[in-house]
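J.: Handing over input39.cif, mmCIF, C-alpha atoms and all ligand atoms.
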```
data_coords
#
loop_
_atom_site.label_atom_id
_atom_site.label_comp_id
_atom_site.auth_asym_id
_atom_site.auth_seq_id
_atom_site.Cartn_x
_atom_site.Cartn_y
_atom_site.Cartn_z
CA MET A 212 -191.67 -15.95 -38.30
CA SER A 213 -188.85 -14.04 -36.60
CA GLN A 214 -190.59 -14.84 -33.34
CA SER A 215 -190.09 -18.58 -33.71
CA GLY A 216 -186.57 -17.84 -34.94
CA ASP A 217 -185.74 -16.03 -31.72
CA LEU A 218 -187.18 -18.79 -29.62
CA TYR A 219 -185.16 -21.29 -31.58
CA GLN A 220 -181.96 -19.31 -31.01
CA GLU A 221 -182.58 -18.74 -27.32
CA LEU A 222 -183.53 -22.25 -26.40
CA ILE A 223 -180.72 -23.80 -28.38
CA LEU A 224 -178.12 -21.44 -26.94
CA ASP A 225 -179.41 -22.06 -23.44
CA HIS A 226 -179.16 -25.84 -23.78
CA GLN A 227 -175.82 -25.63 -25.50
CA LYS A 228 -174.36 -23.51 -22.70
CA SER A 229 -175.85 -25.52 -19.87
CA PRO A 230 -176.85 -28.92 -21.17
CA ARG A 231 -179.32 -30.86 -19.02
CA ASN A 232 -178.61 -34.45 -18.00
CA TYR A 233 -174.99 -34.19 -19.08
CA GLY A 234 -172.48 -36.70 -17.76
CA ASP A 235 -172.20 -40.37 -17.02
CA LEU A 236 -174.86 -42.64 -15.57
CA PRO A 237 -173.26 -45.41 -13.47
CA ASN A 238 -176.52 -47.37 -13.25
CA ALA A 239 -177.13 -47.34 -16.99
CA ASN A 240 -178.04 -50.67 -18.55
CA ARG A 241 -178.20 -49.40 -22.13
CA ARG A 242 -175.54 -47.44 -23.94
CA ALA A 243 -174.92 -46.34 -27.48
CA GLU A 244 -172.59 -44.06 -29.35
CA GLY A 245 -173.50 -41.86 -32.24
CA HIS A 246 -171.36 -40.03 -34.77
CA ASN A 247 -172.20 -37.48 -37.38
CA PRO A 248 -169.13 -37.34 -39.63
CA LEU A 249 -170.62 -34.54 -41.72
CA CYS A 250 -170.28 -32.13 -38.83
CA GLY A 251 -167.97 -33.93 -36.41
CA ASP A 252 -170.56 -34.47 -33.68
CA ASN A 253 -169.92 -37.31 -31.22
CA LEU A 254 -172.37 -38.48 -28.65
CA THR A 255 -172.51 -41.16 -25.98
CA LEU A 256 -175.88 -41.92 -24.49
CA ALA A 257 -176.47 -43.87 -21.28
CA VAL A 258 -179.96 -45.06 -20.43
CA GLN A 259 -181.31 -46.60 -17.27
CA LEU A 260 -184.25 -48.72 -18.32
CA ASN A 261 -186.29 -50.37 -15.59
CA PRO A 262 -187.83 -53.87 -15.91
CA GLU A 263 -191.19 -52.35 -16.86
CA GLY A 264 -189.62 -50.73 -19.90
CA ILE A 265 -189.66 -47.20 -18.51
CA ILE A 266 -186.73 -44.86 -19.01
CA GLU A 267 -185.88 -43.98 -15.43
CA ASP A 268 -182.91 -41.84 -16.29
CA LEU A 269 -180.65 -40.97 -19.18
CA ARG A 270 -177.56 -38.88 -19.69
CA PHE A 271 -175.42 -37.88 -22.60
CA LYS A 272 -171.82 -36.91 -23.14
CA GLY A 273 -169.94 -35.81 -26.17
CA SER A 274 -168.64 -33.03 -28.27
CA GLY A 275 -170.32 -31.37 -31.14
CA CYS A 276 -172.01 -28.31 -32.49
CA ALA A 277 -174.63 -26.28 -30.65
CA ILE A 278 -177.53 -27.97 -32.38
CA SER A 279 -176.39 -31.51 -31.63
CA ARG A 280 -175.80 -30.68 -27.97
CA ALA A 281 -179.03 -28.76 -27.56
CA SER A 282 -180.96 -31.52 -29.25
CA ALA A 283 -179.44 -34.17 -26.96
CA SER A 284 -180.14 -32.02 -23.92
CA LEU A 285 -183.78 -31.41 -24.85
CA MET A 286 -184.23 -35.06 -25.78
CA THR A 287 -183.09 -36.31 -22.38
CA GLN A 288 -185.61 -33.97 -20.75
CA ALA A 289 -188.38 -35.14 -23.05
CA LEU A 290 -187.72 -38.85 -22.55
CA LYS A 291 -187.23 -39.18 -18.82
CA GLY A 292 -190.09 -41.21 -17.38
CA ARG A 293 -191.35 -42.35 -20.77
CA THR A 294 -191.83 -45.91 -21.92
CA VAL A 295 -189.78 -47.35 -24.76
CA ALA A 296 -192.88 -47.25 -26.97
CA GLN A 297 -193.45 -43.57 -26.17
CA ALA A 298 -189.79 -42.80 -26.84
CA GLU A 299 -189.99 -44.46 -30.23
CA ALA A 300 -193.20 -42.63 -31.09
CA LEU A 301 -191.54 -39.35 -30.18
CA PHE A 302 -188.52 -40.29 -32.30
CA THR A 303 -190.84 -40.68 -35.30
CA LEU A 304 -192.55 -37.39 -34.56
CA PHE A 305 -189.22 -35.58 -34.17
CA HIS A 306 -187.94 -37.08 -37.38
CA ASP A 307 -191.05 -35.89 -39.21
CA LEU A 308 -190.57 -32.45 -37.68
CA VAL A 309 -186.98 -31.91 -38.81
CA SER A 310 -187.84 -33.39 -42.20
CA GLY A 311 -190.52 -30.74 -42.61
CA ARG A 312 -193.42 -33.17 -42.48
CA VAL A 313 -195.01 -31.53 -39.46
CA PRO A 314 -196.51 -28.08 -40.05
CA SER A 315 -194.65 -25.47 -38.03
CA ASP A 316 -197.95 -24.34 -36.52
CA SER A 317 -198.75 -27.88 -35.40
CA GLN A 318 -200.46 -27.96 -32.04
CA ASP A 319 -199.15 -31.41 -31.27
CA GLU A 320 -198.38 -31.18 -27.58
CA ALA A 321 -196.29 -34.32 -27.56
CA LEU A 322 -193.43 -32.38 -29.14
CA GLY A 323 -193.42 -29.59 -26.57
CA LYS A 324 -190.15 -27.65 -26.62
CA LEU A 325 -188.81 -29.96 -29.31
CA LYS A 326 -190.80 -27.86 -31.76
CA VAL A 327 -187.94 -25.33 -31.84
CA PHE A 328 -186.15 -27.79 -34.10
CA ALA A 329 -188.72 -27.21 -36.84
CA GLY A 330 -186.37 -24.44 -38.00
CA VAL A 331 -183.66 -27.00 -38.71
CA HIS A 332 -185.64 -28.09 -41.74
CA ASP A 333 -184.41 -24.96 -43.52
CA TYR A 334 -180.80 -26.12 -43.10
CA PRO A 335 -180.54 -29.62 -44.55
CA SER A 336 -176.96 -30.12 -43.32
CA ARG A 337 -178.19 -29.49 -39.76
CA VAL A 338 -180.89 -32.14 -39.82
CA LYS A 339 -178.32 -34.81 -39.01
CA CYS A 340 -177.01 -32.73 -36.10
CA ALA A 341 -180.49 -32.41 -34.65
CA SER A 342 -181.38 -36.07 -35.11
CA LEU A 343 -178.08 -37.60 -33.96
CA ALA A 344 -179.19 -37.91 -30.33
CA TRP A 345 -182.45 -39.54 -31.38
CA HIS A 346 -180.77 -42.12 -33.58
CA THR A 347 -178.36 -42.85 -30.74
CA MET A 348 -181.27 -43.24 -28.34
CA LYS A 349 -182.96 -45.69 -30.67
CA ALA A 350 -179.77 -47.70 -31.00
CA ALA A 351 -179.48 -47.87 -27.21
CA LEU A 352 -183.09 -49.00 -26.78
CA ASP A 353 -182.86 -51.55 -29.59
CA GLU A 354 -179.86 -53.17 -27.99
CA LYS A 355 -180.73 -56.84 -27.61
CA GLY A 356 -179.66 -59.42 -25.15
CA PRO A 357 -179.94 -59.85 -21.40
CA LYS A 358 -178.21 -57.33 -19.26
CA GLU A 359 -177.27 -57.57 -15.65
CA ILE A 360 -178.79 -54.78 -13.67
CA SER A 361 -176.97 -54.26 -10.43
CA THR A 362 -178.94 -52.50 -7.78
CA GLU A 363 -177.24 -51.25 -4.72
CA GLY A 364 -180.39 -49.91 -3.18
CA GLY A 365 -181.09 -46.52 -1.79
CA ASP A 366 -179.48 -43.28 -2.80
ZN ZN B 1 -173.45 -30.75 -35.83
#
```
Can the structure from this file be put into structure tokens for me?
T.:
Amino acid sequence: MSQSGDLYQELILDHQKSPRNYGDLPNANRRAEGHNPLCGDNLTLAVQLNPEGIIEDLRFKGSGCAISRASASLMTQALKGRTVAQAEALFTLFHDLVSGRVPSDSQDEALGKLKVFAGVHDYPSRVKCASLAWHTMKAALDEKGPKEISTEGGD
């Protein structure tokens, strides 16, 4: 039990200190903003979706608590290269995890490192922090309407 607690602490602190995929994404064709007023977390997510519906790249920016930042950081790692359908399936799985509907000893490999957020279930006020990035991602992917994708080639 304390073992998974340590892992949880370490991984979250690591991603909070040096978030992955942090910054702007000039080629993004999907964007969404998320807010968690309960904690004061703000998040902007930029997604580069290719015509085949694959998430080629995604970045996040924002200010918030350690859990919201770590969750956004780990999410961007988990979703790069995935299809929209896979991203939405992972959203559901993550939501079940932080809601306590996935056993903490689940061997579901799809979750990977995201399993550290199973501990969030014990802190109901933190569930929204952990899921903010995922709700923002879903909002970005659900965005309807044609979008111009400018490609400048190379680089
Ligand atoms: Zn928070």
J.: Dump the neighbourhood of ligand ZN 1 (chain B) as a compact mmCIF listing (two decimals) with C-alpha atoms, in the coordinates of the input: all residues within 9 Å, distances computed on all atoms listed in the file.
T.:
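Output contents, as saved in out38.txt:
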```
# COMPACT_ATOMS: atom_id res chain seq x y z
CA ASN A 247 -172.20 -37.48 -37.38
CA PRO A 248 -169.13 -37.34 -39.63
CA LEU A 249 -170.62 -34.54 -41.72
CA CYS A 250 -170.28 -32.13 -38.83
CA GLY A 251 -167.97 -33.93 -36.41
CA ASP A 252 -170.56 -34.47 -33.68
CA ASN A 253 -169.92 -37.31 -31.22
CA GLY A 275 -170.32 -31.37 -31.14
CA CYS A 276 -172.01 -28.31 -32.49
CA ALA A 277 -174.63 -26.28 -30.65
CA ILE A 278 -177.53 -27.97 -32.38
CA SER A 279 -176.39 -31.51 -31.63
CA ARG A 280 -175.80 -30.68 -27.97
CA SER A 336 -176.96 -30.12 -43.32
CA ARG A 337 -178.19 -29.49 -39.76
CA VAL A 338 -180.89 -32.14 -39.82
CA LYS A 339 -178.32 -34.81 -39.01
CA CYS A 340 -177.01 -32.73 -36.10
CA ALA A 341 -180.49 -32.41 -34.65
CA LEU A 343 -178.08 -37.60 -33.96
```
J.: Counting all atoms listed in the file, which residues come within 7 Å of (-174.9, -36.5, -21.9), with the point read in the file's coordinates, and could you list them as a list of chain:residue names?
T.: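 It turns out the residues near that spot are A:Asn232, A:Tyr233, A:Gly234, A:Asp235, A:Thr255, A:Leu256, A:Arg270, A:Phe271, A:Lys272, A:Gly273.
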J.: Using all atoms listed in the file, find the one residue out of A:Lys228, A:Lys326, A:Arg241, A:His332 that sits nearest to Leu304 in chain A.
T.: A:Lys326
J.: I'd like to know which of A:Leu290, A:Leu352, A:Ile266, A:Ala344 is closest to Gly245 in chain A, using all atoms listed in the file.
T.: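 The answer is A:Ala344, which sits nearest to Gly245 in chain A.
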J.: Which is closer to Gly330 in chain A than all the others in A:Ala239, A:Ala350, A:Ala300, A:Leu308, using all atoms listed in the file?
T.: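 The answer is A:Leu308, which sits nearest to Gly330 in chain A.
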J.: Given all atoms listed in the file as the basis, pick out the residue of A:Asn238, A:Gln227, A:Gln297, A:Thr347 nearest to Ser274 in chain A.
T.: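 Going through A:Asn238, A:Gln227, A:Gln297, A:Thr347 one by one, the smallest distance to Ser274 in chain A is for A:Gln227.
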J.: Restricting the calculation to only C-alpha atoms: of A:Glu354, A:His306, A:His346, A:Ala283, which residue gets closest to Pro230 in chain A?
T.: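 Between A:Glu354, A:His306, A:His346, A:Ala283, the residue approaching Pro230 in chain A most closely is A:Ala283.
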J.: Could you check the closest approach to Pro314 in chain A for each of A:Leu301, A:Leu269, A:Ala329, A:Ala243 and tell me which residue wins, using all atoms listed in the file?
T.: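 Smallest distance to Pro314 in chain A is found for A:Ala329.
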J.: Name the residues in contact with Ala289 in chain A at a cut-off of 10 Å, using all atoms listed in the file, excluding same-chain residues fewer than 3 positions from it; report them as a list of chain:residue names.
T.: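 Near Ala289 in chain A, the qualifying residues are A:Ala283, A:Ser284, A:Leu285, A:Met286, A:Gly292, A:Arg293, A:Ala298, A:Leu301, A:Ala321, A:Leu322, A:Gly323, A:Lys324, A:Leu325.
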J.: Print the selection's residues with C-alpha atoms to a file, as a PDB file, in the coordinates of the input.
T.:
```pdb
ATOM      1  CA  ALA A 283    -179.440 -34.170 -26.960  1.00  0.00           C
ATOM      2  CA  SER A 284    -180.140 -32.020 -23.920  1.00  0.00           C
ATOM      3  CA  LEU A 285    -183.780 -31.410 -24.850  1.00  0.00           C
ATOM      4  CA  MET A 286    -184.230 -35.060 -25.780  1.00  0.00           C
ATOM      5  CA  GLY A 292    -190.090 -41.210 -17.380  1.00  0.00           C
ATOM      6  CA  ARG A 293    -191.350 -42.350 -20.770  1.00  0.00           C
ATOM      7  CA  ALA A 298    -189.790 -42.800 -26.840  1.00  0.00           C
ATOM      8  CA  LEU A 301    -191.540 -39.350 -30.180  1.00  0.00           C
ATOM      9  CA  ALA A 321    -196.290 -34.320 -27.560  1.00  0.00           C
ATOM     10  CA  LEU A 322    -193.430 -32.380 -29.140  1.00  0.00           C
ATOM     11  CA  GLY A 323    -193.420 -29.590 -26.570  1.00  0.00           C
ATOM     12  CA  LYS A 324    -190.150 -27.650 -26.620  1.00  0.00           C
ATOM     13  CA  LEU A 325    -188.810 -29.960 -29.310  1.00  0.00           C
TER      14      LEU A 325
END
```
J.: How far is it from CA of Val258 in chain A to CA of His226 in chain A, in Å with one decimal?
T.: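 If I compute the distance from CA of Val258 in chain A to CA of His226 in chain A, I get 19.5 Å.
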J.: Between CA of Thr294 in chain A and CA of Glu263 in chain A, what is the spacing in Å?
T.: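 Computed distance, CA of Glu263 in chain A to CA of Thr294 in chain A, equals 8.2 Å.
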J.: Mind pulling up the distance from CA of Gly264 in chain A to CA of Glu244 in chain A?
T.: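 Result for CA of Glu244 in chain A versus CA of Gly264 in chain A: 20.6 Å, one decimal.
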